[in-house]
$ cat my_file-v1.cif   # mmCIF, C-alpha atoms
data_model
#
loop_
_atom_site.group_PDB
_atom_site.id
_atom_site.type_symbol
_atom_site.label_atom_id
_atom_site.label_comp_id
_atom_site.auth_asym_id
_atom_site.auth_seq_id
_atom_site.Cartn_x
_atom_site.Cartn_y
_atom_site.Cartn_z
ATOM 1 C CA MET A 1 -121.500 -129.699 -8.912
ATOM 2 C CA ARG A 2 -120.449 -128.732 -12.418
ATOM 3 C CA VAL A 3 -117.044 -129.596 -13.857
ATOM 4 C CA ALA A 4 -116.168 -125.897 -14.105
ATOM 5 C CA ASP A 5 -116.879 -125.432 -10.395
ATOM 6 C CA ILE A 6 -114.697 -128.413 -9.514
ATOM 7 C CA MET A 7 -111.855 -127.046 -11.660
ATOM 8 C CA ALA A 8 -112.145 -123.661 -9.922
ATOM 9 C CA VAL A 9 -111.631 -125.118 -6.435
ATOM 10 C CA GLU A 10 -108.209 -124.212 -5.028
ATOM 11 C CA LEU A 11 -106.395 -126.389 -2.531
ATOM 12 C CA PRO A 12 -105.274 -124.689 0.662
ATOM 13 C CA ARG A 13 -101.563 -123.908 0.864
ATOM 14 C CA ILE A 14 -99.589 -126.327 3.063
ATOM 15 C CA PRO A 15 -96.781 -124.368 4.772
ATOM 16 C CA VAL A 16 -94.106 -127.082 4.469
ATOM 17 C CA GLY A 17 -91.342 -124.496 4.199
ATOM 18 C CA ASP A 18 -92.532 -122.742 7.356
ATOM 19 C CA TRP A 19 -92.524 -126.033 9.256
ATOM 20 C CA PHE A 20 -88.974 -126.718 8.136
ATOM 21 C CA ASP A 21 -87.953 -123.197 9.165
ATOM 22 C CA GLU A 22 -89.412 -123.771 12.624
ATOM 23 C CA LEU A 23 -87.574 -127.113 12.882
ATOM 24 C CA VAL A 24 -84.252 -125.476 11.995
ATOM 25 C CA SER A 25 -84.872 -122.711 14.536
ATOM 26 C CA TRP A 26 -85.709 -125.255 17.240
ATOM 27 C CA LEU A 27 -82.583 -127.280 16.504
ATOM 28 C CA THR A 28 -80.444 -124.136 16.522
ATOM 29 C CA ASP A 29 -81.836 -123.026 19.891
ATOM 30 C CA ASN A 30 -81.735 -126.414 21.644
ATOM 31 C CA LEU A 31 -78.750 -128.230 20.136
ATOM 32 C CA GLU A 32 -76.273 -125.394 19.826
ATOM 33 C CA TRP A 33 -73.737 -127.292 21.962
ATOM 34 C CA LEU A 34 -73.837 -130.260 19.578
ATOM 35 C CA PHE A 35 -73.353 -128.126 16.482
ATOM 36 C CA ASP A 36 -70.474 -126.286 18.164
ATOM 37 C CA ALA A 37 -68.785 -129.605 18.965
ATOM 38 C CA ILE A 38 -69.284 -130.895 15.412
ATOM 39 C CA GLY A 39 -68.004 -127.628 13.965
ATOM 40 C CA THR A 40 -64.914 -127.627 16.164
ATOM 41 C CA GLY A 41 -64.098 -131.241 15.300
ATOM 42 C CA VAL A 42 -64.614 -130.842 11.560
ATOM 43 C CA GLU A 43 -62.721 -127.568 11.338
ATOM 44 C CA GLY A 44 -59.810 -128.927 13.380
ATOM 45 C CA THR A 45 -59.595 -132.067 11.231
ATOM 46 C CA VAL A 46 -59.695 -130.162 7.945
ATOM 47 C CA ASP A 47 -57.156 -127.595 9.146
ATOM 48 C CA GLY A 48 -54.832 -130.360 10.353
ATOM 49 C CA LEU A 49 -55.030 -132.201 7.042
ATOM 50 C CA VAL A 50 -54.498 -128.980 5.104
ATOM 51 C CA SER A 51 -51.413 -128.178 7.181
ATOM 52 C CA ILE A 52 -49.993 -131.624 6.340
ATOM 53 C CA LEU A 53 -50.745 -131.355 2.622
ATOM 54 C CA THR A 54 -49.422 -127.813 2.297
ATOM 55 C CA GLY A 55 -46.511 -128.361 4.700
ATOM 56 C CA LEU A 56 -44.732 -130.692 2.278
ATOM 57 C CA PRO A 57 -43.184 -129.208 -0.884
ATOM 58 C CA ALA A 58 -45.497 -129.470 -3.864
ATOM 59 C CA LEU A 59 -42.953 -131.463 -5.883
ATOM 60 C CA VAL A 60 -42.486 -134.016 -3.099
ATOM 61 C CA LEU A 61 -46.221 -134.503 -2.642
ATOM 62 C CA THR A 62 -46.725 -134.766 -6.408
ATOM 63 C CA VAL A 63 -44.157 -137.576 -6.576
ATOM 64 C CA LEU A 64 -45.814 -139.332 -3.607
ATOM 65 C CA PHE A 65 -49.243 -139.137 -5.270
ATOM 66 C CA ALA A 66 -47.751 -140.436 -8.521
ATOM 67 C CA LEU A 67 -46.097 -143.371 -6.733
ATOM 68 C CA LEU A 68 -49.378 -144.173 -5.004
ATOM 69 C CA ALA A 69 -51.173 -144.187 -8.344
ATOM 70 C CA LEU A 70 -48.387 -146.284 -9.897
ATOM 71 C CA VAL A 71 -48.554 -148.947 -7.194
ATOM 72 C CA PHE A 72 -52.338 -149.327 -7.117
ATOM 73 C CA SER A 73 -53.381 -148.544 -10.689
ATOM 74 C CA GLY A 74 -50.390 -148.654 -13.025
ATOM 75 C CA TRP A 75 -48.042 -146.448 -14.965
ATOM 76 C CA LYS A 76 -50.761 -144.628 -16.935
ATOM 77 C CA LEU A 77 -52.410 -143.153 -13.856
ATOM 78 C CA GLY A 78 -48.986 -142.578 -12.317
ATOM 79 C CA LEU A 79 -47.903 -140.524 -15.318
ATOM 80 C CA PHE A 80 -51.212 -138.636 -15.422
ATOM 81 C CA THR A 81 -50.933 -137.864 -11.707
ATOM 82 C CA LEU A 82 -47.399 -136.570 -12.102
ATOM 83 C CA LEU A 83 -48.315 -134.318 -15.020
ATOM 84 C CA GLY A 84 -51.693 -133.286 -13.590
ATOM 85 C CA PHE A 85 -50.460 -132.180 -10.183
ATOM 86 C CA ALA A 86 -47.458 -130.491 -11.812
ATOM 87 C CA LEU A 87 -49.956 -128.554 -13.928
ATOM 88 C CA ILE A 88 -51.871 -127.524 -10.799
ATOM 89 C CA GLU A 89 -48.649 -126.222 -9.262
ATOM 90 C CA SER A 90 -47.705 -124.378 -12.472
ATOM 91 C CA MET A 91 -51.127 -122.638 -12.466
ATOM 92 C CA GLU A 92 -50.395 -121.479 -8.869
ATOM 93 C CA LEU A 93 -53.430 -123.364 -7.570
ATOM 94 C CA TRP A 94 -51.617 -125.799 -5.307
ATOM 95 C CA GLU A 95 -52.911 -124.456 -1.984
ATOM 96 C CA PRO A 96 -56.563 -124.171 -3.151
ATOM 97 C CA ALA A 97 -56.309 -127.684 -4.585
ATOM 98 C CA MET A 98 -55.001 -129.066 -1.298
ATOM 99 C CA ASP A 99 -57.779 -127.218 0.563
ATOM 100 C CA SER A 100 -60.354 -128.894 -1.685
ATOM 101 C CA LEU A 101 -58.647 -132.284 -1.382
ATOM 102 C CA ALA A 102 -58.701 -132.036 2.413
ATOM 103 C CA LEU A 103 -62.390 -131.048 2.394
ATOM 104 C CA VAL A 104 -63.298 -133.945 0.094
ATOM 105 C CA LEU A 105 -61.281 -136.505 2.073
ATOM 106 C CA VAL A 106 -62.784 -135.490 5.417
ATOM 107 C CA ALA A 107 -66.325 -135.422 4.009
ATOM 108 C CA ALA A 108 -65.790 -138.774 2.271
ATOM 109 C CA VAL A 109 -64.467 -140.465 5.419
ATOM 110 C CA VAL A 110 -67.418 -139.204 7.478
ATOM 111 C CA ALA A 111 -69.870 -140.268 4.771
ATOM 112 C CA VAL A 112 -68.303 -143.751 4.562
ATOM 113 C CA LEU A 113 -68.463 -144.181 8.341
ATOM 114 C CA ILE A 114 -72.191 -143.389 8.201
ATOM 115 C CA SER A 115 -73.217 -145.022 4.918
ATOM 116 C CA ILE A 116 -71.664 -148.483 5.280
ATOM 117 C CA PRO A 117 -73.216 -149.337 8.695
ATOM 118 C CA LEU A 118 -76.527 -147.864 7.518
ATOM 119 C CA GLY A 119 -76.393 -149.909 4.313
ATOM 120 C CA ILE A 120 -75.607 -153.080 6.270
ATOM 121 C CA ALA A 121 -78.519 -152.412 8.628
ATOM 122 C CA ALA A 122 -80.843 -151.816 5.667
ATOM 123 C CA ALA A 123 -79.704 -155.058 4.019
ATOM 124 C CA ARG A 124 -80.260 -157.143 7.137
ATOM 125 C CA ASN A 125 -83.541 -155.560 8.239
ATOM 126 C CA GLU A 126 -86.424 -154.929 5.848
ATOM 127 C CA ALA A 127 -88.034 -152.341 8.139
ATOM 128 C CA VAL A 128 -84.853 -150.265 8.171
ATOM 129 C CA SER A 129 -84.649 -150.541 4.384
ATOM 130 C CA ARG A 130 -88.206 -149.275 3.969
ATOM 131 C CA MET A 131 -87.526 -146.309 6.253
ATOM 132 C CA VAL A 132 -84.182 -145.416 4.686
ATOM 133 C CA ARG A 133 -85.241 -145.645 1.028
ATOM 134 C CA PRO A 134 -87.514 -142.545 0.871
ATOM 135 C CA VAL A 135 -84.970 -140.527 2.861
ATOM 136 C CA LEU A 136 -82.276 -141.434 0.342
ATOM 137 C CA ASP A 137 -84.620 -140.525 -2.518
ATOM 138 C CA LEU A 138 -85.132 -137.111 -0.930
ATOM 139 C CA MET A 139 -81.403 -136.611 -0.395
ATOM 140 C CA GLN A 140 -80.554 -137.536 -3.990
ATOM 141 C CA THR A 141 -83.208 -135.409 -5.680
ATOM 142 C CA MET A 142 -83.019 -132.311 -3.470
ATOM 143 C CA PRO A 143 -81.028 -129.533 -5.204
ATOM 144 C CA ALA A 144 -77.553 -129.351 -3.700
ATOM 145 C CA PHE A 145 -77.871 -125.618 -3.011
ATOM 146 C CA VAL A 146 -80.727 -126.290 -0.582
ATOM 147 C CA TYR A 147 -78.383 -128.141 1.782
ATOM 148 C CA LEU A 148 -76.368 -124.961 2.267
ATOM 149 C CA ILE A 149 -79.268 -123.065 3.854
ATOM 150 C CA PRO A 150 -79.621 -125.060 7.126
ATOM 151 C CA ALA A 151 -75.856 -125.707 7.160
ATOM 152 C CA ILE A 152 -75.234 -121.947 7.321
ATOM 153 C CA PHE A 153 -77.768 -121.586 10.142
ATOM 154 C CA PHE A 154 -76.160 -124.378 12.156
ATOM 155 C CA PHE A 155 -72.470 -123.671 11.469
ATOM 156 C CA SER A 156 -72.232 -120.121 10.084
ATOM 157 C CA ILE A 157 -69.864 -119.393 7.178
ATOM 158 C CA GLY A 158 -66.695 -121.368 6.528
ATOM 159 C CA VAL A 159 -65.405 -124.840 5.775
ATOM 160 C CA VAL A 160 -67.733 -126.626 8.247
ATOM 161 C CA PRO A 161 -71.055 -126.011 6.407
ATOM 162 C CA GLY A 162 -69.283 -127.026 3.199
ATOM 163 C CA VAL A 163 -68.206 -130.349 4.715
ATOM 164 C CA VAL A 164 -71.632 -131.003 6.282
ATOM 165 C CA ALA A 165 -73.490 -130.264 3.042
ATOM 166 C CA THR A 166 -71.022 -132.453 1.132
ATOM 167 C CA VAL A 167 -71.544 -135.368 3.536
ATOM 168 C CA ILE A 168 -75.333 -135.186 3.176
ATOM 169 C CA PHE A 169 -75.132 -134.899 -0.612
ATOM 170 C CA ALA A 170 -72.654 -137.801 -0.984
ATOM 171 C CA LEU A 171 -74.270 -140.314 1.409
ATOM 172 C CA PRO A 172 -76.958 -142.008 -0.764
ATOM 173 C CA PRO A 173 -74.793 -144.035 -3.189
ATOM 174 C CA GLY A 174 -72.721 -145.415 -0.322
ATOM 175 C CA VAL A 175 -75.834 -146.633 1.488
ATOM 176 C CA ARG A 176 -77.575 -147.989 -1.615
ATOM 177 C CA LEU A 177 -74.607 -149.899 -3.040
ATOM 178 C CA THR A 178 -73.673 -151.327 0.358
ATOM 179 C CA GLU A 179 -77.223 -152.626 0.795
ATOM 180 C CA LEU A 180 -77.224 -153.937 -2.779
ATOM 181 C CA GLY A 181 -73.923 -155.720 -2.263
ATOM 182 C CA ILE A 182 -74.977 -157.406 0.985
ATOM 183 C CA ARG A 183 -78.321 -158.472 -0.480
ATOM 184 C CA GLY A 184 -76.561 -159.789 -3.593
ATOM 185 C CA VAL A 185 -74.476 -162.330 -1.679
ATOM 186 C CA ASP A 186 -75.406 -165.889 -2.645
ATOM 187 C CA PRO A 187 -77.892 -167.160 0.003
ATOM 188 C CA GLU A 188 -76.305 -170.593 -0.196
ATOM 189 C CA MET A 189 -73.048 -169.155 1.121
ATOM 190 C CA VAL A 190 -74.891 -167.663 4.100
ATOM 191 C CA GLU A 191 -76.809 -170.911 4.681
ATOM 192 C CA ALA A 192 -73.555 -172.865 4.620
ATOM 193 C CA GLY A 193 -72.135 -170.609 7.323
ATOM 194 C CA GLU A 194 -75.278 -171.002 9.412
ATOM 195 C CA ALA A 195 -75.172 -174.778 8.972
ATOM 196 C CA PHE A 196 -71.722 -174.810 10.569
ATOM 197 C CA GLY A 197 -73.059 -172.816 13.519
ATOM 198 C CA THR A 198 -71.333 -169.549 12.588
ATOM 199 C CA PRO A 199 -72.693 -166.581 14.600
ATOM 200 C CA PRO A 200 -74.463 -163.822 12.601
ATOM 201 C CA GLY A 201 -71.672 -161.362 13.318
ATOM 202 C CA ARG A 202 -69.059 -163.673 11.818
ATOM 203 C CA ILE A 203 -71.278 -164.418 8.815
ATOM 204 C CA LEU A 204 -71.419 -160.694 8.174
ATOM 205 C CA SER A 205 -67.703 -160.066 8.648
ATOM 206 C CA ARG A 206 -66.338 -163.283 7.076
ATOM 207 C CA ILE A 207 -68.842 -163.975 4.270
ATOM 208 C CA GLN A 208 -71.187 -161.127 3.377
ATOM 209 C CA ILE A 209 -68.874 -158.102 3.577
ATOM 210 C CA PRO A 210 -65.945 -159.735 1.693
ATOM 211 C CA LEU A 211 -68.245 -160.946 -1.100
ATOM 212 C CA ALA A 212 -70.021 -157.576 -1.240
ATOM 213 C CA MET A 213 -66.781 -155.585 -1.216
ATOM 214 C CA PRO A 214 -66.747 -154.768 -4.982
ATOM 215 C CA SER A 215 -70.200 -153.215 -4.666
ATOM 216 C CA ILE A 216 -69.205 -151.399 -1.477
ATOM 217 C CA MET A 217 -66.080 -149.998 -3.137
ATOM 218 C CA ALA A 218 -68.172 -148.852 -6.102
ATOM 219 C CA GLY A 219 -70.370 -146.979 -3.626
ATOM 220 C CA ILE A 220 -67.325 -145.363 -2.033
ATOM 221 C CA ASN A 221 -66.088 -144.357 -5.485
ATOM 222 C CA GLN A 222 -69.406 -142.701 -6.350
ATOM 223 C CA LEU A 223 -69.507 -141.100 -2.923
ATOM 224 C CA ILE A 224 -66.122 -139.449 -3.509
ATOM 225 C CA MET A 225 -67.166 -138.231 -6.952
ATOM 226 C CA LEU A 226 -70.291 -136.612 -5.533
ATOM 227 C CA ALA A 227 -68.197 -135.017 -2.801
ATOM 228 C CA LEU A 228 -65.944 -133.502 -5.461
ATOM 229 C CA SER A 229 -68.959 -132.183 -7.345
ATOM 230 C CA MET A 230 -69.867 -130.202 -4.213
ATOM 231 C CA VAL A 231 -66.494 -128.415 -4.106
ATOM 232 C CA VAL A 232 -67.652 -125.474 -6.204
ATOM 233 C CA ILE A 233 -70.957 -125.196 -4.348
ATOM 234 C CA ALA A 234 -69.162 -125.324 -0.989
ATOM 235 C CA GLY A 235 -67.109 -122.331 -2.148
ATOM 236 C CA MET A 236 -70.309 -120.282 -2.010
ATOM 237 C CA VAL A 237 -70.387 -120.578 1.800
ATOM 238 C CA GLY A 238 -66.760 -119.636 2.336
ATOM 239 C CA ALA A 239 -65.232 -123.123 2.240
ATOM 240 C CA GLY A 240 -62.415 -121.810 0.053
ATOM 241 C CA GLY A 241 -60.349 -124.073 -2.159
ATOM 242 C CA LEU A 242 -60.902 -124.510 -5.877
ATOM 243 C CA GLY A 243 -64.589 -123.746 -5.462
ATOM 244 C CA ASN A 244 -63.664 -120.212 -4.490
ATOM 245 C CA GLU A 245 -61.483 -119.889 -7.604
ATOM 246 C CA VAL A 246 -64.299 -121.012 -9.894
ATOM 247 C CA LEU A 247 -66.828 -118.834 -8.071
ATOM 248 C CA GLU A 248 -64.622 -115.753 -8.403
ATOM 249 C CA GLY A 249 -64.159 -116.512 -12.075
ATOM 250 C CA ILE A 250 -67.934 -116.575 -12.517
ATOM 251 C CA GLN A 251 -68.513 -113.406 -10.506
ATOM 252 C CA ARG A 252 -65.795 -111.455 -12.332
ATOM 253 C CA VAL A 253 -66.525 -113.066 -15.719
ATOM 254 C CA ASN A 254 -62.870 -114.138 -15.693
ATOM 255 C CA ILE A 255 -62.729 -117.021 -18.141
ATOM 256 C CA ALA A 256 -59.082 -117.846 -17.428
ATOM 257 C CA GLN A 257 -59.518 -118.077 -13.648
ATOM 258 C CA GLY A 258 -62.685 -120.148 -13.900
ATOM 259 C CA PHE A 259 -61.221 -122.524 -16.485
ATOM 260 C CA GLU A 260 -58.005 -123.090 -14.551
ATOM 261 C CA GLY A 261 -59.959 -123.816 -11.368
ATOM 262 C CA GLY A 262 -62.149 -126.253 -13.302
ATOM 263 C CA ILE A 263 -59.120 -128.036 -14.773
ATOM 264 C CA ALA A 264 -57.671 -128.474 -11.271
ATOM 265 C CA VAL A 265 -60.965 -130.015 -10.098
ATOM 266 C CA VAL A 266 -60.874 -132.410 -13.063
ATOM 267 C CA VAL A 267 -57.329 -133.523 -12.176
ATOM 268 C CA LEU A 268 -58.373 -134.262 -8.582
ATOM 269 C CA ALA A 269 -61.503 -136.065 -9.770
ATOM 270 C CA ILE A 270 -59.669 -138.347 -12.216
ATOM 271 C CA PHE A 271 -56.945 -139.128 -9.668
ATOM 272 C CA LEU A 272 -59.406 -140.081 -6.917
ATOM 273 C CA ASP A 273 -61.762 -141.895 -9.291
ATOM 274 C CA ARG A 274 -59.105 -144.102 -10.865
ATOM 275 C CA LEU A 275 -57.411 -144.757 -7.533
ATOM 276 C CA THR A 276 -60.591 -145.878 -5.752
ATOM 277 C CA SER A 277 -61.637 -147.914 -8.814
ATOM 278 C CA ALA A 278 -58.286 -149.703 -8.718
ATOM 279 C CA LEU A 279 -58.719 -150.432 -5.011
ATOM 280 C CA GLY A 280 -62.178 -151.801 -5.754
ATOM 281 C CA ASP A 281 -60.781 -154.089 -8.444
ATOM 282 C CA ARG A 282 -58.151 -155.388 -6.034
ATOM 283 C CA THR A 283 -60.808 -156.290 -3.464
#

$ encode --input "my_file-v1.cif" --output "C-alpha cells"
Amino acid sequence: MRVADIMAVELPRIPVGDWFDELVSWLTDNLEWLFDAIGTGVEGTVDGLVSILTGLPALVLTVLFALLALVFSGWKLGLFTLLGFALIESMELWEPAMDSLALVLVAAVVAVLISIPLGIAAARNEAVSRMVRPVLDLMQTMPAFVYLIPAIFFFSIGVVPGVVATVIFALPPGVRLTELGIRGVDPEMVEAGEAFGTPPGRILSRIQIPLAMPSIMAGINQLIMLALSMVVIAGMVGAGGLGNEVLEGIQRVNIAQGFEGGIAVVVLAIFLDRLTSALGDRT
C-alpha cells in the first residue's frame, strides 16, 4: 500500500460523547432518589448558612471576621479584612458575597471530607493510587464548564449544581497533597512505631497525619481557592452570589457591576487564602 493511501485512511468515529450521554440518562432514571436526597441536603445546608451569615448585621460580622484574621494571622490580615469587608458592604454586595461564601464553605467542607480519606487510602495502597491518579488527571484538565452539564441534568438549576460542580473541580489538590504528605513521612518514624507494636490505625493517626499536616493544609488551601474560582461559573446555573453579579456585568457590558463583583471575589479569596495558610503554618 502506498504512503498516500495510508494517509487517506480515516479512523472510524468513536461516540464517546454519546456513551456519556447514555450514562447520564441511566443515572438520572435509576438514581433519582439519591440525587433528590443530595440536592435537599446541600440546598438546606447552604440556605441555613446563608441565613446565619445574613442574619447578623454586616458591621458585626465584619468585626468578627477581622478578629478571626487577627488571632490566626496577625494585624495585617485583620486590617485588610476589616477594610475589605467594609468595602463589600459599601458596594451593596454584602448579601451576594455571603451567598458565595456559604457556597464555597459548603463545597470546601464536602471536598475535604472526600479528598483526605481518599488521599490517605491512595498513600497506603499502591493499587488505589494507580486507580485514582488518572481520574484526578481527568478532573483537573477537564474544562470547568463541562461539569455544569451533568450537574444540571441531575439537580436542575440553582445552588445545588453549583456546589456539586465546585466539589468535583476542587477535589484533586486535596487528594494529591494528602497522598504526598503521607508518603513523605520519614519511614524511620513509621518503623519506630511498628517496632513498639503500635497498631496501623494509631501509626496513621499519631505519626503520619500529624507529620503530613502541613501538606494536607496546603491541599485544603488550594482546594478552597479552586472552589472560589468556580463562583462565577456557578452563577451561570443560577447559584446566585457574586457570580451572578459578574455574569450580569458581562451580559449587559456593565463594566462597573462586573468590576465591583470581581473585587468582592478578590477580597473573599485573599481572606480565605491567608487564613488557611496561617492555620497550616500553625500545624

$ residues_around --input "my_file-v1.cif" --residues "Phe85 (chain A)" --least-positions-apart "4" --cutoff "7 Å" --atoms "all atoms listed in the file" --output "PyMOL selection string"
chain A and resi 62+81+89

$ resolve_selection --input "my_file-v1.cif" --expression "the PyMOL selection byres ((chain A and resi 257) around 12)" --output "PyMOL selection string"
chain A and resi 91-93+242-256+258-264

$ resolve_selection --input "my_file-v1.cif" --expression "the PyMOL selection byres ((chain A and resi 150-157) around 9)" --output "number ranges by chain"
A: 21, 24-25, 27-28, 32, 35-36, 38-39, 146-149, 158-162, 164-165, 237-239

$ resolve_selection --input "my_file-v1.cif" --expression "the PyMOL selection byres ((chain A and resi 116) around 9)" --output "short mmCIF file (atom, residue, chain, number, x, y, z; two decimals) with C-alpha atoms, keeping the file's coordinate frame"
data_model
loop_
_atom_site.label_atom_id
_atom_site.label_comp_id
_atom_site.auth_asym_id
_atom_site.auth_seq_id
_atom_site.Cartn_x
_atom_site.Cartn_y
_atom_site.Cartn_z
CA ALA A 111 -69.87 -140.27 4.77
CA VAL A 112 -68.30 -143.75 4.56
CA LEU A 113 -68.46 -144.18 8.34
CA ILE A 114 -72.19 -143.39 8.20
CA SER A 115 -73.22 -145.02 4.92
CA PRO A 117 -73.22 -149.34 8.70
CA LEU A 118 -76.53 -147.86 7.52
CA GLY A 119 -76.39 -149.91 4.31
CA ILE A 120 -75.61 -153.08 6.27
CA ALA A 121 -78.52 -152.41 8.63
CA GLY A 174 -72.72 -145.42 -0.32
CA VAL A 175 -75.83 -146.63 1.49
CA LEU A 177 -74.61 -149.90 -3.04
CA THR A 178 -73.67 -151.33 0.36
CA GLU A 179 -77.22 -152.63 0.80
CA ILE A 216 -69.20 -151.40 -1.48
#

$ closest_residue --input "my_file-v1.cif" --among "A:Lys76, A:Pro15, A:Leu49, A:Ala58" --to "Leu275 (chain A)" --atoms "all atoms listed in the file"
A:Lys76

$ atom_distance --input "my_file-v1.cif" --atom1 "CA of Glu126 (chain A)" --atom2 "CA of Pro210 (chain A)"
21.4 Å

$ atom_distance --input "my_file-v1.cif" --atom1 "CA of Pro134 (chain A)" --atom2 "CA of Thr166 (chain A)"
19.3 Å

$ atom_distance --input "my_file-v1.cif" --atom1 "CA of Met98 (chain A)" --atom2 "CA of Ser229 (chain A)"
15.5 Å

$ residues_near_point --input "my_file-v1.cif" --point "(-75.5, -142.9, -1.5)" --cutoff "8 Å" --atoms "all atoms listed in the file" --output "number ranges by chain"
A: 115, 136, 140, 170-177, 219, 222-223

$ residues_around --input "my_file-v1.cif" --residues "Leu228 (chain A)" --least-positions-apart "6" --cutoff "9 Å" --atoms "only C-alpha atoms" --output "list in words"
Ser100, Leu101, Leu103, Val104, Thr166, Val265, Leu268 and Ala269 of chain A

$ residues_near_point --input "my_file-v1.cif" --point "(-55.2, -126.8, 6.7)" --cutoff "10 Å" --atoms "only C-alpha atoms" --output "compact mmCIF listing (two decimals) with C-alpha atoms, keeping the file's coordinate frame"
# COMPACT_ATOMS: atom_id res chain seq x y z
CA GLU A 43 -62.72 -127.57 11.34
CA GLY A 44 -59.81 -128.93 13.38
CA THR A 45 -59.60 -132.07 11.23
CA VAL A 46 -59.70 -130.16 7.94
CA ASP A 47 -57.16 -127.60 9.15
CA GLY A 48 -54.83 -130.36 10.35
CA LEU A 49 -55.03 -132.20 7.04
CA VAL A 50 -54.50 -128.98 5.10
CA SER A 51 -51.41 -128.18 7.18
CA ILE A 52 -49.99 -131.62 6.34
CA LEU A 53 -50.74 -131.35 2.62
CA THR A 54 -49.42 -127.81 2.30
CA GLY A 55 -46.51 -128.36 4.70
CA GLU A 95 -52.91 -124.46 -1.98
CA MET A 98 -55.00 -129.07 -1.30
CA ASP A 99 -57.78 -127.22 0.56
CA ALA A 102 -58.70 -132.04 2.41
CA LEU A 103 -62.39 -131.05 2.39

$ closest_residue --input "my_file-v1.cif" --among "A:Val63, A:Met225, A:Thr141, A:Ala97" --to "Leu82 (chain A)" --atoms "all atoms listed in the file"
A:Val63

$ axis_aligned_box --input "my_file-v1.cif" --around "region 120-130 of chain A" --padding-each-side "5 Å" --output "lines of an AutoDock Vina configuration file"
center_x = -81.9
center_y = -153.2
center_z = 6.3
size_x = 22.6
size_y = 17.9
size_z = 14.7

$ closest_residue --input "my_file-v1.cif" --among "A:Leu23, A:Asp18, A:Ile224, A:Ile207" --to "Ala107 (chain A)" --atoms "only C-alpha atoms"
A:Ile224

$ closest_residue --input "my_file-v1.cif" --among "A:Val232, A:Ile203, A:Ile220, A:Ile14" --to "Thr276 (chain A)" --atoms "only C-alpha atoms"
A:Ile220

$ closest_residue --input "my_file-v1.cif" --among "A:Pro143, A:Gly181, A:Gly17, A:Gly78" --to "Ile233 (chain A)" --atoms "all atoms listed in the file"
A:Pro143

$ closest_residue --input "my_file-v1.cif" --among "A:Pro57, A:Ala218, A:Gly193, A:Leu138" --to "Arg206 (chain A)" --atoms "all atoms listed in the file"
A:Gly193
